[in-house]
Amino acid sequence: MIDKQFKNLEEQIEILKYKGMTINDEEYAKKILLRENYFFLSGYRYPLMKSMTDKRFLEGVTFEEMYSLFLFDRAIRNVFFKYLLVIENNLKSIFSYQLSKKYGYKEKYYLRSKNFTNDKTKQRQVNDLIRKMKRQIRVNGSQHTATAHYMSNYGYVPLWILVKVLSFGIVGELFSIMKYDDQVAICKIYDIPVDEFSNYLPILSNYRNTCAHEDILYENRTQKKIKGTIYHKLLNIEKNEEGEYVKGTNDLFSLLIIMKRMLTYDEFKDLCLELDKRIENLEYNLHSIKIEKILDRMGFPSNYMQLANIERSDGDEE
C-alpha cells in the first residue's frame, strides 16, 4: 500500500496547475486551501474534469470556479439543513402528541412494550428502542434544561419533552415499531401512505446527517429510492427503459420532493426561493461548464422551480 505523503501549500498548488487548473492568484488560493483543506476542496473537481479517465481539468477551469462550487454546496447544505430541522421538529411534535394522547404522558406509561407493534420479529427492536429512550431520560435528566426541569419539579419526563433530545434516527426507528393504527393516524396528517412515509424517514435522516457533518451534498445518492409521485408526472420527468424516473428517486431532487410533501406550502416556497438564489449565484461564477451540468448531478430538472408553485396533493403514486 502506497502512503499518501503530506503536501505543503506550494505543492498543492503545483498539483492543481499540473492537472490543468488556472491559478490566477496563488496567495489567495493558498489561504483558501489552508482554511478549507485541499482534500475537501478537491472533492468538487469532478464536474470540472475532462472525464473520469482523463482526470485533467477542462480548458479554462479556474481555482475560483472549484471554490465557487464548494461554497455553493455549503450554502445549499445550510438551506436544506434549516428546513430538515423544521421537519424533524414537526415529526417529534406529532409523534409525541399521538403517543401521549393514547398511552399517557409519563414514561412509565408511554414506554410500555405493549404500546408498540406485536410483530414477533420486531420485539427485540422494540425492547432495544425502549432502553435507548430510557437511557436518554437518565443521561439528560440532570443535564438538558427541559428534561432537568421536569425531573426536578415533577419526577418524570413527558414524551413531548423527551423527543427534544432524541436523534432523528431514533425518531425514525420509533415510527417503525409503532402500532399500525398509530402509524396511519400520523400519516393522515401528512397525507402520505404508511409505506412511503416509512421509506422517507431514513432518507431524511441520511440527508440530515450529511448536512450536519458537512459532507458533499449536491451529488449525494441514497441507497433507498422513493416511488414516483404526482410531482414527477407534473414536471414531466423522463423515464428510462424500465419505466423508472431518471431523476427524483435517490438524488437531491428526491429529497426536495419529500420535503414538498412534508412542509407547508409557504415553507416549501421559501426553501425553493433560497435554493434558486444559490443556483443563480453559482451560474454567475461558472465559466468552463454550464449550470445544467451541476443541476444534472443534483438530479434537478430544468423546470425544478415549478415544484414550488404546485399545490400540495395527496402525493399518491401515479
# chains A, B, ... in the order shown; residues from 1 in each chain; ligands from 1
>>> select_by_dssp(residues="stretch 44-161 of chain A", states="alpha helix (DSSP H)", output="number ranges by chain")
A: 63-103, 107-110, 123-140, 145-153, 159-161
>>> residues_around(residues="A:Leu41", least_positions_apart="4", cutoff="7 Å", atoms="only C-alpha atoms", output="mmCIF file with C-alpha atoms, in the first residue's frame")
data_model
loop_
_atom_site.group_PDB
_atom_site.id
_atom_site.type_symbol
_atom_site.label_atom_id
_atom_site.label_comp_id
_atom_site.auth_asym_id
_atom_site.auth_seq_id
_atom_site.Cartn_x
_atom_site.Cartn_y
_atom_site.Cartn_z
ATOM 1 C CA GLU A 36 -10.786 24.720 3.783
ATOM 2 C CA ASN A 37 -8.467 21.711 3.271
ATOM 3 C CA TYR A 67 -14.145 27.098 -4.838
ATOM 4 C CA PHE A 70 -17.555 24.255 -2.832
#
>>> closest_residue(among="A:Phe168, A:Gln183, A:Val61, A:Leu235", to="A:Tyr46", atoms="only C-alpha atoms")
A:Val61
>>> atom_distance(atom1="atom CA of A:Ser167", atom2="atom CA of A:Met151")
20.3 Å
>>> closest_residue(among="A:Ile257, A:Ala29, A:Ile230, A:Leu48", to="A:Met305", atoms="only C-alpha atoms")
A:Ile257
>>> decode(residues="stretch 235-251 of chain A", atoms="N, CA and C atoms", output="PDB file, in the first residue's frame")
ATOM      1  N   LEU A 235     -44.097  17.423 -13.597  1.00  0.00           N
ATOM      2  CA  LEU A 235     -42.876  18.072 -14.089  1.00  0.00           C
ATOM      3  C   LEU A 235     -42.320  17.376 -15.333  1.00  0.00           C
ATOM      4  N   ASN A 236     -43.017  16.336 -15.793  1.00  0.00           N
ATOM      5  CA  ASN A 236     -42.606  15.602 -16.997  1.00  0.00           C
ATOM      6  C   ASN A 236     -41.195  15.030 -16.880  1.00  0.00           C
ATOM      7  N   ILE A 237     -40.901  14.442 -15.715  1.00  0.00           N
ATOM      8  CA  ILE A 237     -39.595  13.816 -15.520  1.00  0.00           C
ATOM      9  C   ILE A 237     -39.481  12.619 -16.462  1.00  0.00           C
ATOM     10  N   GLU A 238     -38.361  12.529 -17.142  1.00  0.00           N
ATOM     11  CA  GLU A 238     -38.139  11.447 -18.105  1.00  0.00           C
ATOM     12  C   GLU A 238     -38.040  10.093 -17.409  1.00  0.00           C
ATOM     13  N   LYS A 239     -38.463   9.047 -18.126  1.00  0.00           N
ATOM     14  CA  LYS A 239     -38.334   7.687 -17.619  1.00  0.00           C
ATOM     15  C   LYS A 239     -37.328   6.908 -18.451  1.00  0.00           C
ATOM     16  N   ASN A 240     -36.703   5.888 -17.816  1.00  0.00           N
ATOM     17  CA  ASN A 240     -35.766   5.036 -18.560  1.00  0.00           C
ATOM     18  C   ASN A 240     -36.514   3.874 -19.197  1.00  0.00           C
ATOM     19  N   GLU A 241     -35.778   2.946 -19.784  1.00  0.00           N
ATOM     20  CA  GLU A 241     -36.402   1.812 -20.490  1.00  0.00           C
ATOM     21  C   GLU A 241     -37.198   0.917 -19.551  1.00  0.00           C
ATOM     22  N   GLU A 242     -36.814   0.911 -18.260  1.00  0.00           N
ATOM     23  CA  GLU A 242     -37.537   0.088 -17.283  1.00  0.00           C
ATOM     24  C   GLU A 242     -38.781   0.792 -16.735  1.00  0.00           C
ATOM     25  N   GLY A 243     -39.024   2.015 -17.215  1.00  0.00           N
ATOM     26  CA  GLY A 243     -40.197   2.749 -16.750  1.00  0.00           C
ATOM     27  C   GLY A 243     -39.981   3.493 -15.448  1.00  0.00           C
ATOM     28  N   GLU A 244     -38.700   3.619 -15.038  1.00  0.00           N
ATOM     29  CA  GLU A 244     -38.401   4.323 -13.797  1.00  0.00           C
ATOM     30  C   GLU A 244     -37.960   5.751 -14.110  1.00  0.00           C
ATOM     31  N   TYR A 245     -38.316   6.658 -13.241  1.00  0.00           N
ATOM     32  CA  TYR A 245     -37.909   8.043 -13.425  1.00  0.00           C
ATOM     33  C   TYR A 245     -36.391   8.160 -13.301  1.00  0.00           C
ATOM     34  N   VAL A 246     -35.785   8.926 -14.190  1.00  0.00           N
ATOM     35  CA  VAL A 246     -34.323   9.051 -14.194  1.00  0.00           C
ATOM     36  C   VAL A 246     -33.860  10.114 -13.200  1.00  0.00           C
ATOM     37  N   LYS A 247     -34.779  10.928 -12.716  1.00  0.00           N
ATOM     38  CA  LYS A 247     -34.453  11.936 -11.703  1.00  0.00           C
ATOM     39  C   LYS A 247     -35.508  11.911 -10.608  1.00  0.00           C
ATOM     40  N   GLY A 248     -35.077  12.281  -9.417  1.00  0.00           N
ATOM     41  CA  GLY A 248     -36.034  12.384  -8.326  1.00  0.00           C
ATOM     42  C   GLY A 248     -36.364  11.078  -7.652  1.00  0.00           C
ATOM     43  N   THR A 249     -35.429  10.114  -7.658  1.00  0.00           N
ATOM     44  CA  THR A 249     -35.687   8.842  -6.965  1.00  0.00           C
ATOM     45  C   THR A 249     -34.704   8.602  -5.816  1.00  0.00           C
ATOM     46  N   ASN A 250     -33.409   8.878  -6.041  1.00  0.00           N
ATOM     47  CA  ASN A 250     -32.434   8.702  -4.956  1.00  0.00           C
ATOM     48  C   ASN A 250     -31.376   9.799  -4.962  1.00  0.00           C
ATOM     49  N   ASP A 251     -31.740  10.951  -5.523  1.00  0.00           N
ATOM     50  CA  ASP A 251     -30.823  12.082  -5.630  1.00  0.00           C
ATOM     51  C   ASP A 251     -31.345  13.242  -4.790  1.00  0.00           C
TER      52      ASP A 251
END
